[in-house]
Amino acid sequence: MSDTVTRALATALVLLLLAACGLTPRPSMDTREADTFEDDVRAARTLGEQFWAQQFQQLGGTYRPIEAFIPYAGESGPSCGGQPSVPENAFYCPRGHFIAYDQQWMESLWNAMGDGSVYVIVPHELGHAVQAQLSTGFALNVQAELQADCYAGGTLSALVGSGALRAEEGDEDELFLSLEAAGDPTDNWLDPAAHGTAEQRQASFVKGYREGVGAC
Ligand SMILES: [Zn+2]
């Protein structure tokens with residue numbers, strides 16, 4: 001595992017360049033081979049929320065499913081607390097308790113990087129929905145972002161562990177690359193200060209993946 005992760009970290013940048021040229025294979029994480037983009041998006045939400053419902057239940061709580069899961073195009077996304085959505089993004093909105101995503105943008109990541117992109121971005125946003133329910137307050141936005149990455153890693157490893165998803169060679173690279181592409185409307189995802197550096201994000205994701213969401 002550690003060798004794989006190290007290699008993934010070292011080759012992430014190279015793979016990103018290859019992905020941009022469409023040269024990387026697209027390993028599938030979906031054990032049911034239900035492999036349209038829409039299937040993967042739906043599964044990432046459904047499986048992610050099932051996971052969190054179980055987690056909350058084990059702790060004597062009740063997970064509140066998101067109110068809506070909204071695909072949008074370009075500039076036409078829903079606003080959140082008066083703030084307009086932006087193209088090429090996915091976000092969780094606490095006011096309204098919904099997740100929205102630029103469908104074309106996410107599908108282009110799915111095409112370029114494989115379905116792992118969807119299985120990182122959606123669980124990351126669900127992680128913010130969980131933070132809202134746990135009233136997790138952070139002094140810095142980056143702390144919330146890194147915890148959401150950790151939650152996404154923990155969600156993914158649990159789904160792989162339960163057999164709902166499978167990890168194949170190449171999937172970890174795919175997942176790490178996807179971390180760098182995920183963002184929020186409240187900040188510029190290219191700004192290292194907003195979501196943490198690529199290294200911090202990968203470390204957070206790996207921590208969750210190895211140790212589970214309880215370690216986040
Ligand atoms: Zn985020």
# chains A, B, ... in the order shown; residues from 1 in each chain; ligands from 1
>>> closest_atom_pairs(of="region 117-151 of chain A", to="region 52-58 of chain A", cutoff="12 Å", atoms="only C-alpha atoms", output="JSON lines")
{"residue": "A:Pro123", "atom": "CA", "partner": "A:Trp52", "partner_atom": "CA", "distance": 10.0}
{"residue": "A:Leu126", "atom": "CA", "partner": "A:Trp52", "partner_atom": "CA", "distance": 8.8}
{"residue": "A:Gly127", "atom": "CA", "partner": "A:Trp52", "partner_atom": "CA", "distance": 9.1}
{"residue": "A:His128", "atom": "CA", "partner": "A:Trp52", "partner_atom": "CA", "distance": 11.8}
{"residue": "A:Ala129", "atom": "CA", "partner": "A:Trp52", "partner_atom": "CA", "distance": 10.1}
{"residue": "A:Val130", "atom": "CA", "partner": "A:Trp52", "partner_atom": "CA", "distance": 7.9}
{"residue": "A:Gln131", "atom": "CA", "partner": "A:Trp52", "partner_atom": "CA", "distance": 11.4}
{"residue": "A:Gln133", "atom": "CA", "partner": "A:Phe56", "partner_atom": "CA", "distance": 10.2}
{"residue": "A:Leu134", "atom": "CA", "partner": "A:Phe56", "partner_atom": "CA", "distance": 9.9}
{"residue": "A:Tyr151", "atom": "CA", "partner": "A:Trp52", "partner_atom": "CA", "distance": 9.9}
>>> write_last_selection(atoms="all heavy atoms", output="mmCIF file, in the first residue's frame")
data_model
loop_
_atom_site.group_PDB
_atom_site.id
_atom_site.type_symbol
_atom_site.label_atom_id
_atom_site.label_comp_id
_atom_site.auth_asym_id
_atom_site.auth_seq_id
_atom_site.Cartn_x
_atom_site.Cartn_y
_atom_site.Cartn_z
ATOM 1 N N PRO A 123 -18.041 12.608 -2.697
ATOM 2 C CA PRO A 123 -17.810 12.376 -1.264
ATOM 3 C C PRO A 123 -17.172 13.577 -0.545
ATOM 4 O O PRO A 123 -17.432 13.792 0.633
ATOM 5 C CB PRO A 123 -16.872 11.161 -1.236
ATOM 6 C CG PRO A 123 -17.214 10.420 -2.473
ATOM 7 C CD PRO A 123 -17.483 11.493 -3.500
ATOM 8 N N LEU A 126 -20.093 15.789 0.081
ATOM 9 C CA LEU A 126 -20.894 15.176 1.146
ATOM 10 C C LEU A 126 -20.203 15.377 2.498
ATOM 11 O O LEU A 126 -20.873 15.535 3.525
ATOM 12 C CB LEU A 126 -21.110 13.679 0.876
ATOM 13 C CG LEU A 126 -22.122 13.330 -0.222
ATOM 14 C CD1 LEU A 126 -22.112 11.827 -0.487
ATOM 15 C CD2 LEU A 126 -23.536 13.792 0.162
ATOM 16 N N GLY A 127 -18.875 15.394 2.477
ATOM 17 C CA GLY A 127 -18.127 15.660 3.705
ATOM 18 C C GLY A 127 -18.473 17.027 4.276
ATOM 19 O O GLY A 127 -18.602 17.190 5.489
ATOM 20 N N HIS A 128 -18.666 18.012 3.415
ATOM 21 C CA HIS A 128 -19.084 19.337 3.890
ATOM 22 C C HIS A 128 -20.503 19.281 4.453
ATOM 23 O O HIS A 128 -20.826 19.977 5.421
ATOM 24 C CB HIS A 128 -19.029 20.348 2.743
ATOM 25 C CG HIS A 128 -17.629 20.752 2.362
ATOM 26 N ND1 HIS A 128 -16.680 21.137 3.291
ATOM 27 C CD2 HIS A 128 -17.009 20.835 1.159
ATOM 28 C CE1 HIS A 128 -15.548 21.447 2.662
ATOM 29 N NE2 HIS A 128 -15.719 21.254 1.365
ATOM 30 N N ALA A 129 -21.353 18.452 3.829
ATOM 31 C CA ALA A 129 -22.724 18.305 4.346
ATOM 32 C C ALA A 129 -22.696 17.682 5.747
ATOM 33 O O ALA A 129 -23.504 18.031 6.609
ATOM 34 C CB ALA A 129 -23.558 17.444 3.395
ATOM 35 N N VAL A 130 -21.752 16.779 5.971
ATOM 36 C CA VAL A 130 -21.593 16.161 7.289
ATOM 37 C C VAL A 130 -21.067 17.184 8.291
ATOM 38 O O VAL A 130 -21.554 17.287 9.418
ATOM 39 C CB VAL A 130 -20.646 14.943 7.197
ATOM 40 C CG1 VAL A 130 -20.200 14.480 8.578
ATOM 41 C CG2 VAL A 130 -21.326 13.805 6.441
ATOM 42 N N GLN A 131 -20.086 17.974 7.873
ATOM 43 C CA GLN A 131 -19.558 19.024 8.757
ATOM 44 C C GLN A 131 -20.675 19.955 9.220
ATOM 45 O O GLN A 131 -20.722 20.352 10.383
ATOM 46 C CB GLN A 131 -18.492 19.842 8.018
ATOM 47 C CG GLN A 131 -17.191 19.080 7.788
ATOM 48 C CD GLN A 131 -16.238 19.831 6.862
ATOM 49 O OE1 GLN A 131 -16.649 20.673 6.069
ATOM 50 N NE2 GLN A 131 -14.954 19.516 6.970
ATOM 51 N N GLN A 133 -23.767 19.235 9.594
ATOM 52 C CA GLN A 133 -24.641 18.555 10.555
ATOM 53 C C GLN A 133 -23.967 18.352 11.895
ATOM 54 O O GLN A 133 -24.628 18.260 12.927
ATOM 55 C CB GLN A 133 -25.068 17.189 9.997
ATOM 56 C CG GLN A 133 -25.961 17.338 8.782
ATOM 57 C CD GLN A 133 -26.381 16.000 8.206
ATOM 58 O OE1 GLN A 133 -27.041 15.212 8.867
ATOM 59 N NE2 GLN A 133 -26.012 15.743 6.977
ATOM 60 N N LEU A 134 -22.657 18.261 11.874
ATOM 61 C CA LEU A 134 -21.914 18.081 13.124
ATOM 62 C C LEU A 134 -21.538 19.433 13.725
ATOM 63 O O LEU A 134 -20.917 19.494 14.777
ATOM 64 C CB LEU A 134 -20.648 17.255 12.872
ATOM 65 C CG LEU A 134 -20.858 15.817 12.390
ATOM 66 C CD1 LEU A 134 -19.520 15.140 12.107
ATOM 67 C CD2 LEU A 134 -21.644 15.013 13.418
ATOM 68 N N TYR A 151 -12.508 12.907 4.943
ATOM 69 C CA TYR A 151 -13.808 12.225 4.918
ATOM 70 C C TYR A 151 -14.006 11.478 3.598
ATOM 71 O O TYR A 151 -14.521 10.361 3.570
ATOM 72 C CB TYR A 151 -14.953 13.231 5.088
ATOM 73 C CG TYR A 151 -15.242 13.652 6.510
ATOM 74 C CD1 TYR A 151 -15.997 14.800 6.768
ATOM 75 C CD2 TYR A 151 -14.800 12.895 7.595
ATOM 76 C CE1 TYR A 151 -16.289 15.195 8.072
ATOM 77 C CE2 TYR A 151 -15.084 13.290 8.897
ATOM 78 C CZ TYR A 151 -15.835 14.444 9.131
ATOM 79 O OH TYR A 151 -16.132 14.823 10.415
#
>>> residues_around(residues="Phe37 (chain A)", least_positions_apart="2", cutoff="9 Å", atoms="only C-alpha atoms", output="mmCIF file with N, CA and C atoms, in the first residue's frame")
data_model
loop_
_atom_site.group_PDB
_atom_site.id
_atom_site.type_symbol
_atom_site.label_atom_id
_atom_site.label_comp_id
_atom_site.auth_asym_id
_atom_site.auth_seq_id
_atom_site.Cartn_x
_atom_site.Cartn_y
_atom_site.Cartn_z
ATOM 1 N N ALA A 34 -21.769 -0.365 -14.022
ATOM 2 C CA ALA A 34 -22.779 0.598 -14.483
ATOM 3 C C ALA A 34 -22.025 1.881 -14.798
ATOM 4 N N ASP A 35 -21.587 1.986 -16.014
ATOM 5 C CA ASP A 35 -20.512 2.926 -16.246
ATOM 6 C C ASP A 35 -20.810 4.132 -17.105
ATOM 7 N N ASP A 39 -24.609 7.291 -14.158
ATOM 8 C CA ASP A 39 -24.649 6.188 -13.187
ATOM 9 C C ASP A 39 -23.640 6.418 -12.066
ATOM 10 N N ASP A 40 -22.446 6.839 -12.458
ATOM 11 C CA ASP A 40 -21.402 7.035 -11.456
ATOM 12 C C ASP A 40 -21.744 8.179 -10.508
ATOM 13 N N VAL A 41 -22.269 9.260 -11.052
ATOM 14 C CA VAL A 41 -22.637 10.396 -10.209
ATOM 15 C C VAL A 41 -23.721 9.971 -9.221
ATOM 16 N N ARG A 42 -24.706 9.254 -9.728
ATOM 17 C CA ARG A 42 -25.806 8.808 -8.877
ATOM 18 C C ARG A 42 -25.285 7.849 -7.801
ATOM 19 N N MET A 106 -17.741 18.217 -14.668
ATOM 20 C CA MET A 106 -17.506 16.947 -13.992
ATOM 21 C C MET A 106 -17.403 15.810 -15.007
ATOM 22 N N GLU A 107 -18.205 15.896 -16.054
ATOM 23 C CA GLU A 107 -18.136 14.849 -17.072
ATOM 24 C C GLU A 107 -16.805 14.899 -17.821
ATOM 25 N N TRP A 110 -14.424 13.148 -15.665
ATOM 26 C CA TRP A 110 -14.741 11.717 -15.745
ATOM 27 C C TRP A 110 -14.132 11.128 -17.010
ATOM 28 N N ASN A 111 -14.261 11.858 -18.103
ATOM 29 C CA ASN A 111 -13.696 11.404 -19.373
ATOM 30 C C ASN A 111 -12.172 11.367 -19.338
ATOM 31 N N ASP A 115 -13.654 7.323 -13.554
ATOM 32 C CA ASP A 115 -14.765 7.568 -12.628
ATOM 33 C C ASP A 115 -14.301 7.905 -11.210
ATOM 34 N N VAL A 118 -15.299 11.371 -9.994
ATOM 35 C CA VAL A 118 -16.633 11.538 -9.423
ATOM 36 C C VAL A 118 -16.680 11.001 -7.992
#
>>> select_by_dssp(residues="region 32-200 of chain A", states="strand (DSSP E or B)", output="NGL selection string")
:A and (68-72 or 80 or 83 or 90-93 or 98-102 or 165)
>>> residues_around(residues="Ala68 (chain A)", least_positions_apart="4", cutoff="8 Å", atoms="only C-alpha atoms", output="list in words")
His97, Phe98, Ile99 and Ala100 of chain A
>>> write_last_selection(atoms="C-alpha atoms", output="PDB file, in the first residue's frame")
ATOM      1  CA  HIS A  97     -28.441  21.744   2.414  1.00  0.00           C
ATOM      2  CA  PHE A  98     -27.808  20.859  -1.227  1.00  0.00           C
ATOM      3  CA  ILE A  99     -24.937  19.934  -3.516  1.00  0.00           C
ATOM      4  CA  ALA A 100     -24.640  21.379  -6.998  1.00  0.00           C
TER       5      ALA A 100
END
>>> residues_around(residues="Ala73 (chain A)", least_positions_apart="6", cutoff="9 Å", atoms="only C-alpha atoms", output="PyMOL selection string")
chain A and resi 87-88+101-105
>>> closest_residue(among="A:Gln202, A:Ser117, A:Thr155, A:Thr36", to="Gly214 (chain A)", atoms="only C-alpha atoms")
A:Thr155
>>> closest_residue(among="A:Thr62, A:Asn89, A:Gln200, A:Thr136", to="ligand 1", atoms="only C-alpha atoms and all ligand atoms")
A:Asn89
>>> closest_residue(among="A:Met113, A:Ala139, A:Ala148, A:Ala43", to="Phe91 (chain A)", atoms="only C-alpha atoms")
A:Ala148
>>> residues_around(residues="Gly153 (chain A)", least_positions_apart="4", cutoff="8 Å", atoms="only C-alpha atoms", output="PyMOL selection string")
chain A and resi 120+149+157+204-210+212-213
>>> atom_distance(atom1="CA of Gly161 (chain A)", atom2="CA of Val122 (chain A)")
18.4 Å
>>> closest_residue(among="A:Arg64, A:His124, A:Arg166, A:Arg201", to="ligand 1", atoms="only C-alpha atoms and all ligand atoms")
A:His124
